[in-house]
Every structure is written in structure tokens, then in C-alpha cells.
>>> print(open('query-v2.cif').read())   # mmCIF, C-alpha atoms
data_model
#
loop_
_atom_site.label_atom_id
_atom_site.label_comp_id
_atom_site.auth_asym_id
_atom_site.auth_seq_id
_atom_site.Cartn_x
_atom_site.Cartn_y
_atom_site.Cartn_z
CA MET E 1 22.42 -40.09 38.40
CA ASP E 2 18.97 -38.98 37.32
CA ASP E 3 19.25 -36.46 34.48
CA ASP E 4 16.72 -34.07 35.99
CA VAL E 5 18.52 -34.01 39.35
CA LEU E 6 21.81 -33.06 37.69
CA ALA E 7 20.09 -30.32 35.69
CA LEU E 8 18.47 -28.87 38.82
CA LEU E 9 21.75 -28.98 40.74
CA ALA E 10 23.39 -27.09 37.87
CA LEU E 11 20.73 -24.40 38.23
CA GLY E 12 21.54 -24.06 41.95
CA GLU E 13 18.54 -25.97 43.30
CA GLU E 14 18.70 -28.21 46.40
CA ALA E 15 17.74 -31.22 44.33
CA GLY E 16 18.11 -34.92 45.01
CA SER E 17 18.61 -36.85 48.20
CA ALA E 18 21.68 -36.70 50.43
CA ASP E 19 22.82 -40.03 48.97
CA GLU E 20 22.43 -38.71 45.42
CA ARG E 21 24.44 -35.58 46.17
CA ALA E 22 27.12 -37.68 47.83
CA HIS E 23 27.24 -39.85 44.71
CA VAL E 24 27.83 -36.80 42.50
CA ALA E 25 30.68 -35.71 44.77
CA SER E 26 32.39 -39.11 44.50
CA CYS E 27 31.63 -40.06 40.86
CA ASP E 28 34.01 -38.50 38.32
CA ARG E 29 31.60 -38.96 35.41
CA CYS E 30 28.64 -37.35 37.15
CA ALA E 31 30.85 -34.57 38.52
CA HIS E 32 32.11 -33.81 35.00
CA GLU E 33 28.56 -33.72 33.65
CA LEU E 34 27.51 -31.37 36.45
CA THR E 35 30.50 -29.11 35.77
CA HIS E 36 29.53 -28.97 32.10
CA LEU E 37 25.94 -28.03 32.91
CA ARG E 38 27.05 -25.38 35.40
CA GLU E 39 29.27 -23.88 32.71
CA LEU E 40 26.24 -23.50 30.43
CA VAL E 41 24.22 -21.91 33.23
CA ALA E 42 27.05 -19.46 34.02
CA VAL E 43 27.29 -18.40 30.37
CA ALA E 44 23.53 -17.87 30.15
CA ARG E 45 23.34 -15.88 33.39
CA ALA E 46 26.26 -13.70 32.34
CA ALA E 47 24.42 -12.94 29.10
CA GLN E 48 21.26 -12.06 31.04
CA ALA E 49 23.21 -9.44 33.00
CA ASP E 50 24.10 -7.68 29.74
CA GLY E 51 20.53 -6.72 28.94
CA PRO E 52 16.83 -7.50 29.34
CA LEU E 53 15.40 -10.86 28.40
CA VAL E 54 13.61 -11.10 25.08
CA ALA E 55 10.16 -12.65 25.33
CA PRO E 56 9.89 -15.76 23.13
CA ALA E 57 7.18 -16.15 20.53
CA ALA E 58 3.95 -17.85 21.62
CA HIS E 59 4.74 -21.07 19.74
CA VAL E 60 7.96 -21.54 21.77
CA TRP E 61 6.04 -22.38 24.95
CA ASP E 62 3.90 -24.88 23.01
CA ARG E 63 7.06 -26.72 21.97
CA VAL E 64 8.48 -26.65 25.49
CA ALA E 65 5.19 -27.94 26.93
CA ASP E 66 5.13 -30.77 24.38
CA GLU E 67 8.75 -31.74 25.09
CA LEU E 68 8.28 -31.79 28.87
CA GLY E 69 4.79 -33.29 28.87
CA LEU E 70 3.15 -30.19 30.38
CA ASP E 71 -0.32 -28.78 29.88
CA PRO E 72 -0.01 -26.60 26.78
CA ALA E 73 -2.85 -24.31 27.93
CA PRO E 74 -1.55 -20.95 29.22
CA VAL E 75 -2.07 -20.01 32.86
CA ALA E 76 -3.29 -16.46 33.55
CA LEU E 77 -3.03 -14.62 36.87
CA ALA E 78 -6.27 -14.12 38.74
CA ASP E 79 -6.07 -10.32 38.55
CA GLY E 80 -5.31 -10.24 34.83
CA PRO E 81 -7.88 -9.21 32.21
CA ALA E 82 -10.02 -11.96 30.80
CA ASP E 83 -8.94 -11.20 27.24
CA ALA E 84 -5.24 -10.88 28.02
CA ALA E 85 -2.82 -12.38 25.55
CA PRO E 86 -1.80 -15.98 26.40
CA THR E 87 1.34 -16.25 28.49
CA ALA E 88 3.52 -19.09 29.65
CA PRO E 89 3.04 -20.25 33.26
CA ALA E 90 4.67 -17.82 35.67
CA ALA E 91 6.99 -20.53 36.99
CA ALA E 92 8.57 -20.70 33.54
CA ARG E 93 9.34 -16.96 33.42
CA PRO E 94 12.29 -15.86 35.58
CA ASP E 95 11.11 -12.24 35.66
CA ALA E 96 7.61 -13.07 36.91
CA THR E 97 6.33 -12.38 40.42
CA VAL E 98 3.59 -14.77 41.48
CA SER E 99 1.16 -13.32 44.00
CA THR E 100 -0.51 -15.43 46.65
CA ASP E 101 -3.88 -15.09 44.94
CA ALA E 102 -2.57 -16.28 41.58
CA ARG E 103 -3.96 -19.42 40.07
CA VAL E 104 -0.92 -21.63 39.57
CA ALA E 105 -0.99 -24.81 37.53
CA PRO E 106 -0.25 -28.03 39.44
CA VAL E 107 3.27 -29.38 39.31
CA VAL E 108 3.63 -32.03 36.62
CA PRO E 109 6.43 -34.61 37.00
CA LEU E 110 8.82 -34.55 34.06
CA ARG E 111 8.89 -37.56 31.79
CA PRO E 112 12.25 -39.35 31.81
CA ARG E 113 14.37 -37.43 29.32
CA ARG E 114 18.03 -36.88 28.62
CA ARG E 115 19.37 -33.84 30.47
CA TRP E 116 20.14 -31.97 27.23
CA ALA E 117 16.46 -32.03 26.27
CA TRP E 118 15.64 -30.64 29.73
CA VAL E 119 18.21 -27.86 29.45
CA ALA E 120 17.06 -27.03 25.90
CA GLY E 121 13.48 -26.78 27.18
CA ALA E 122 14.58 -24.50 30.00
CA ALA E 123 16.43 -22.31 27.53
CA ALA E 124 13.38 -21.96 25.32
CA ALA E 125 11.26 -21.07 28.38
CA GLY E 126 13.65 -18.28 29.33
CA LEU E 127 15.76 -19.92 32.04
CA LEU E 128 18.84 -20.18 29.85
CA VAL E 129 19.13 -17.61 27.07
CA GLY E 130 21.60 -15.31 25.36
CA GLY E 131 25.00 -16.89 25.91
CA LEU E 132 23.58 -20.40 25.79
CA GLY E 133 22.05 -19.58 22.43
CA THR E 134 25.48 -18.60 21.18
CA TRP E 135 26.98 -21.84 22.51
CA TRP E 136 24.18 -23.90 20.93
CA VAL E 137 24.78 -22.41 17.48
CA THR E 138 28.57 -22.22 17.43
CA GLY E 139 29.48 -25.09 19.78
CA ARG E 140 31.84 -22.75 21.64
CA THR E 141 31.72 -20.58 24.73
CA PRO E 142 31.78 -16.94 23.50
CA ASP E 143 35.01 -15.95 25.31
CA ALA E 144 36.87 -19.22 24.71
CA THR E 145 40.35 -19.37 23.16
CA VAL E 146 41.62 -22.50 21.41
CA VAL E 147 45.05 -23.35 22.84
CA ALA E 148 45.64 -26.79 21.29
CA ARG E 149 44.24 -29.00 18.55
CA ALA E 150 44.47 -32.63 17.49
CA THR E 151 43.57 -34.58 14.37
CA LEU E 152 41.95 -37.86 15.38
CA ASP E 153 42.89 -40.73 13.08
CA ALA E 154 41.13 -44.07 12.85
CA LEU E 155 42.68 -47.11 14.47
CA PRO E 156 42.76 -50.52 12.74
CA GLY E 157 39.30 -51.94 12.14
CA TRP E 158 37.56 -48.55 12.07
CA ASP E 159 36.54 -46.22 9.25
CA ALA E 160 36.33 -42.93 11.12
CA GLU E 161 37.96 -39.54 11.55
CA GLY E 162 37.70 -36.64 13.93
CA SER E 163 39.21 -33.62 15.59
CA ALA E 164 39.71 -32.23 19.08
CA ALA E 165 40.25 -28.69 20.34
CA LEU E 166 41.27 -27.58 23.82
CA GLU E 167 39.56 -24.32 24.78
CA THR E 168 40.35 -22.02 27.70
CA THR E 169 37.93 -19.36 28.94
CA ALA E 170 38.80 -16.07 30.62
CA ASP E 171 38.28 -17.59 34.07
CA GLY E 172 40.71 -20.43 33.31
CA THR E 173 38.12 -23.15 32.67
CA ARG E 174 39.39 -25.71 30.17
CA VAL E 175 37.06 -27.59 27.85
CA LEU E 176 37.94 -30.30 25.34
CA VAL E 177 35.71 -30.17 22.25
CA VAL E 178 35.60 -33.49 20.38
CA ASP E 179 34.07 -34.24 16.97
CA VAL E 180 34.03 -37.74 15.49
CA GLU E 181 32.50 -39.01 12.26
CA GLU E 182 32.17 -42.71 11.52
CA ALA E 183 31.53 -43.96 7.99
CA GLU E 184 29.03 -46.46 9.37
CA ALA E 185 27.42 -45.61 12.70
CA ARG E 186 27.15 -48.59 15.03
CA THR E 187 24.36 -48.86 17.56
CA ASP E 188 26.02 -51.38 19.87
CA GLY E 189 27.43 -49.90 23.07
CA TYR E 190 28.59 -46.27 23.24
CA ARG E 191 31.65 -44.06 22.67
CA GLU E 192 33.79 -42.70 25.50
CA VAL E 193 36.39 -39.90 25.45
CA TRP E 194 39.72 -40.30 27.24
CA LEU E 195 43.02 -38.48 27.72
CA LEU E 196 46.06 -40.78 27.69
CA ARG E 197 49.74 -40.55 28.43
CA PRO E 198 51.83 -40.91 25.23
CA ASP E 199 53.05 -44.36 26.31
CA VAL E 200 49.46 -45.37 27.27
CA SER E 201 50.63 -46.03 30.84
CA GLY E 202 47.78 -43.99 32.30
CA LEU E 203 44.44 -42.57 31.23
CA VAL E 204 41.62 -40.29 32.38
CA SER E 205 37.98 -40.72 31.37
CA LEU E 206 36.18 -37.53 30.33
CA GLY E 207 32.80 -39.18 29.80
CA PRO E 208 30.59 -40.62 27.07
CA LEU E 209 30.35 -39.04 23.63
CA THR E 210 26.69 -38.59 22.67
CA GLY E 211 26.24 -38.23 18.93
CA THR E 212 29.16 -36.97 16.86
CA SER E 213 30.22 -34.00 19.01
CA GLY E 214 30.78 -33.33 22.69
CA ARG E 215 32.24 -30.79 25.13
CA PHE E 216 34.17 -32.09 28.15
CA PRO E 217 35.27 -29.79 31.01
CA LEU E 218 38.67 -30.82 32.36
CA PRO E 219 39.43 -31.16 36.09
CA ASP E 220 41.53 -28.26 37.38
CA ASP E 221 44.32 -30.58 38.51
CA LEU E 222 44.59 -32.51 35.23
CA ASP E 223 47.94 -31.87 33.51
CA VAL E 224 47.28 -31.95 29.77
CA ASP E 225 51.03 -32.03 29.09
CA GLU E 226 51.11 -35.36 30.92
CA PHE E 227 47.93 -36.63 29.22
CA PRO E 228 48.01 -35.07 25.72
CA VAL E 229 46.57 -37.97 23.72
CA VAL E 230 42.85 -37.78 22.90
CA ASP E 231 41.26 -41.21 22.52
CA VAL E 232 37.68 -42.18 21.69
CA SER E 233 36.85 -45.79 22.50
CA ALA E 234 33.99 -48.15 21.69
CA GLU E 235 32.56 -49.35 25.00
CA PRO E 236 30.16 -52.25 25.54
CA LEU E 237 27.23 -51.93 27.94
CA ASP E 238 28.83 -54.25 30.51
CA GLY E 239 29.03 -51.96 33.55
CA ASP E 240 32.84 -52.00 33.49
CA PRO E 241 34.22 -48.42 33.70
CA ALA E 242 37.66 -49.44 32.41
CA HIS E 243 38.80 -48.77 28.85
CA SER E 244 37.62 -51.55 26.55
CA GLY E 245 40.91 -51.62 24.63
CA ASP E 246 39.00 -50.94 21.40
CA SER E 247 39.83 -47.38 20.28
CA VAL E 248 37.99 -45.81 17.34
CA VAL E 249 40.15 -42.71 16.80
CA ARG E 250 43.18 -41.19 18.49
CA GLY E 251 45.38 -38.10 18.18
CA THR E 252 47.78 -35.92 20.16
CA LEU E 253 47.05 -32.34 21.16
CA GLY E 254 49.48 -29.75 19.84
CA THR E 255 49.63 -26.02 19.20
#
>>> encode(input="query-v2.cif", output="C-alpha cells")
Amino acid sequence: MDDDVLALLALGEEAGSADERAHVASCDRCAHELTHLRELVAVARAAQADGPLVAPAAHVWDRVADELGLDPAPVALADGPADAAPTAPAAARPDATVSTDARVAPVVPLRPRRRWAWVAGAAAAGLLVGGLGTWWVTGRTPDATVVARATLDALPGWDAEGSAALETTADGTRVLVVDVEEAEARTDGYREVWLLRPDVSGLVSLGPLTGTSGRFPLPDDLDVDEFPVVDVSAEPLDGDPAHSGDSVVRGTLGT
């Protein structure tokens, strides 16, 4: 799925074509990514309800405009004073009301970017603030409780280590937080996070691990007692969704 479409769907927009939305509904990986993004949006909107938004400094919009390939020049409303302080385009400010006589900048297509850059840009522009800022700094949802942890040990052939924590929020949402450090980062292929049965007779993919840390919302019907083993595999770019059989680290969740 296109990163921007998933980000817009997470924000509640009617984005993408009917075929794209049908794909999200049938693809576990895309559905998990969308669930993760929606969780971030929910946290940010809950934080907004606790108090007024804080206007960002002027340089913040410049950075957002540069990241998204937008015109960095501010857009003023037609009825505003000529010497008014520069402001971000009204479309980027959730509390703005755009009148019909306002001069609005043309829509600029976003450059292809990873969805996290898009969400970070939206946060800086004021779409996602407060709670998301807390998540970004701490790596945890503010009201989350850790209910299980695992030490991830390297498997033969790998010099790596890691940890995993299972968090539960007040509304019952479960998120697996995974951190992995490799002594020598490899650029071939990618890493994928799985939950396995202890006898490795079954497994569930939670999605790719980007960088050294990741957060993976768990499906509501997934029984962690049945799949308590956290596994991070090295996957080649071959289009095969199955486990490669080459695990980097592995550990079992426990209290």
C-alpha cells in the first residue's frame, strides 16, 4: 500500500481507491500498520482534548515544508493585515477556519516518503501533538502497562541481542515493543517480527522491523499464551511472505 494512503486513512480520510481499501482489509501487514497509525492518532487526539494546542515556532513550518516538498513561503488570508506575522498555511492548522475569499495555496503532491516521515510532519504542523510527542520521546503510549517481557538472544551465526515488552493500554489494546541491536548492521533484505508457538509449529507475522526498534499492535483474537515466543528474522527481498528460516534473535515472553 502507498504510505500516504495509509496515513490518510489513519486520520479518518476517505483516501485511496476501492481496490486499495479492499487490499488493506485483506492484507494482515497493511492492516497492522493501519492499526498502529490509528493508535498514534487516537493518542494525539485524546491529548488535544485535555487543553488548547500550542502554536509551534516559526521554524517548525519551514522544516515541515522542506520535508514534504511544499512552498516554504507563508500564506496569509486576504482580510489579514499586510504586515501580519507569517503563519503556516491554514490547511496545516486544525483550528483554522478558511473563508471563501481566502487565498489558498495550490495543493502540492507529496513526494514519495515513508509514512513515519509523513506522520512526523503532520505532528510538527499541529495535526498530531501532545500525546504523540510523549510517545515519540518515550517510545510508549502514556497509559500503557507492561504485562510481559522477553530477552531476545542471538541465534547461531548472528551477533545480536534485544528485548521485547508486551504493553496493554486502558482500552485493552496490546502492543509488542521490540528492540534489537546487531553488532554489524547488514543492508541486505530486512528484519521481520513474528510470534511463534513454543514448538515452532505455528507463527504469526507482526510486520517488518524498521531500524532497531518497533511497535506492533496485536490482533484482538491473537492468544499470546499460545504464541509467546518473539522471533526476529532476516528476510530476503524475494516477495515470499513466509518465514525465511533464518532467525536473528528469539526469546519467550514472561512476567
>>> residues_near_point(input="query-v2.cif", point="(31.1, -46.6, 9.7)", cutoff="12 Å", atoms="all atoms listed in the file", output="list of chain:residue names")
E:Ala154, E:Gly157, E:Trp158, E:Asp159, E:Ala160, E:Glu161, E:Val180, E:Glu181, E:Glu182, E:Ala183, E:Glu184, E:Ala185, E:Arg186, E:Thr187, E:Val248
>>> atom_distance(input="query-v2.cif", atom1="atom CA of E:Gly162", atom2="atom CA of E:Cys30")
24.9 Å
>>> atom_distance(input="query-v2.cif", atom1="atom CA of E:Arg250", atom2="atom CA of E:Arg191")
12.6 Å
>>> resolve_selection(input="query-v2.cif", expression="the PyMOL selection byres ((chain E and resi 206) around 6)", output="ChimeraX atom specification")
/E:193-194,205,207
>>> atom_distance(input="query-v2.cif", atom1="atom CA of E:Leu34", atom2="atom CA of E:Ala7")
7.5 Å
>>> closest_residue(input="query-v2.cif", among="E:Asp221, E:Glu13, E:Asp231, E:Glu192", to="E:Thr252", atoms="all atoms listed in the file")
E:Asp231
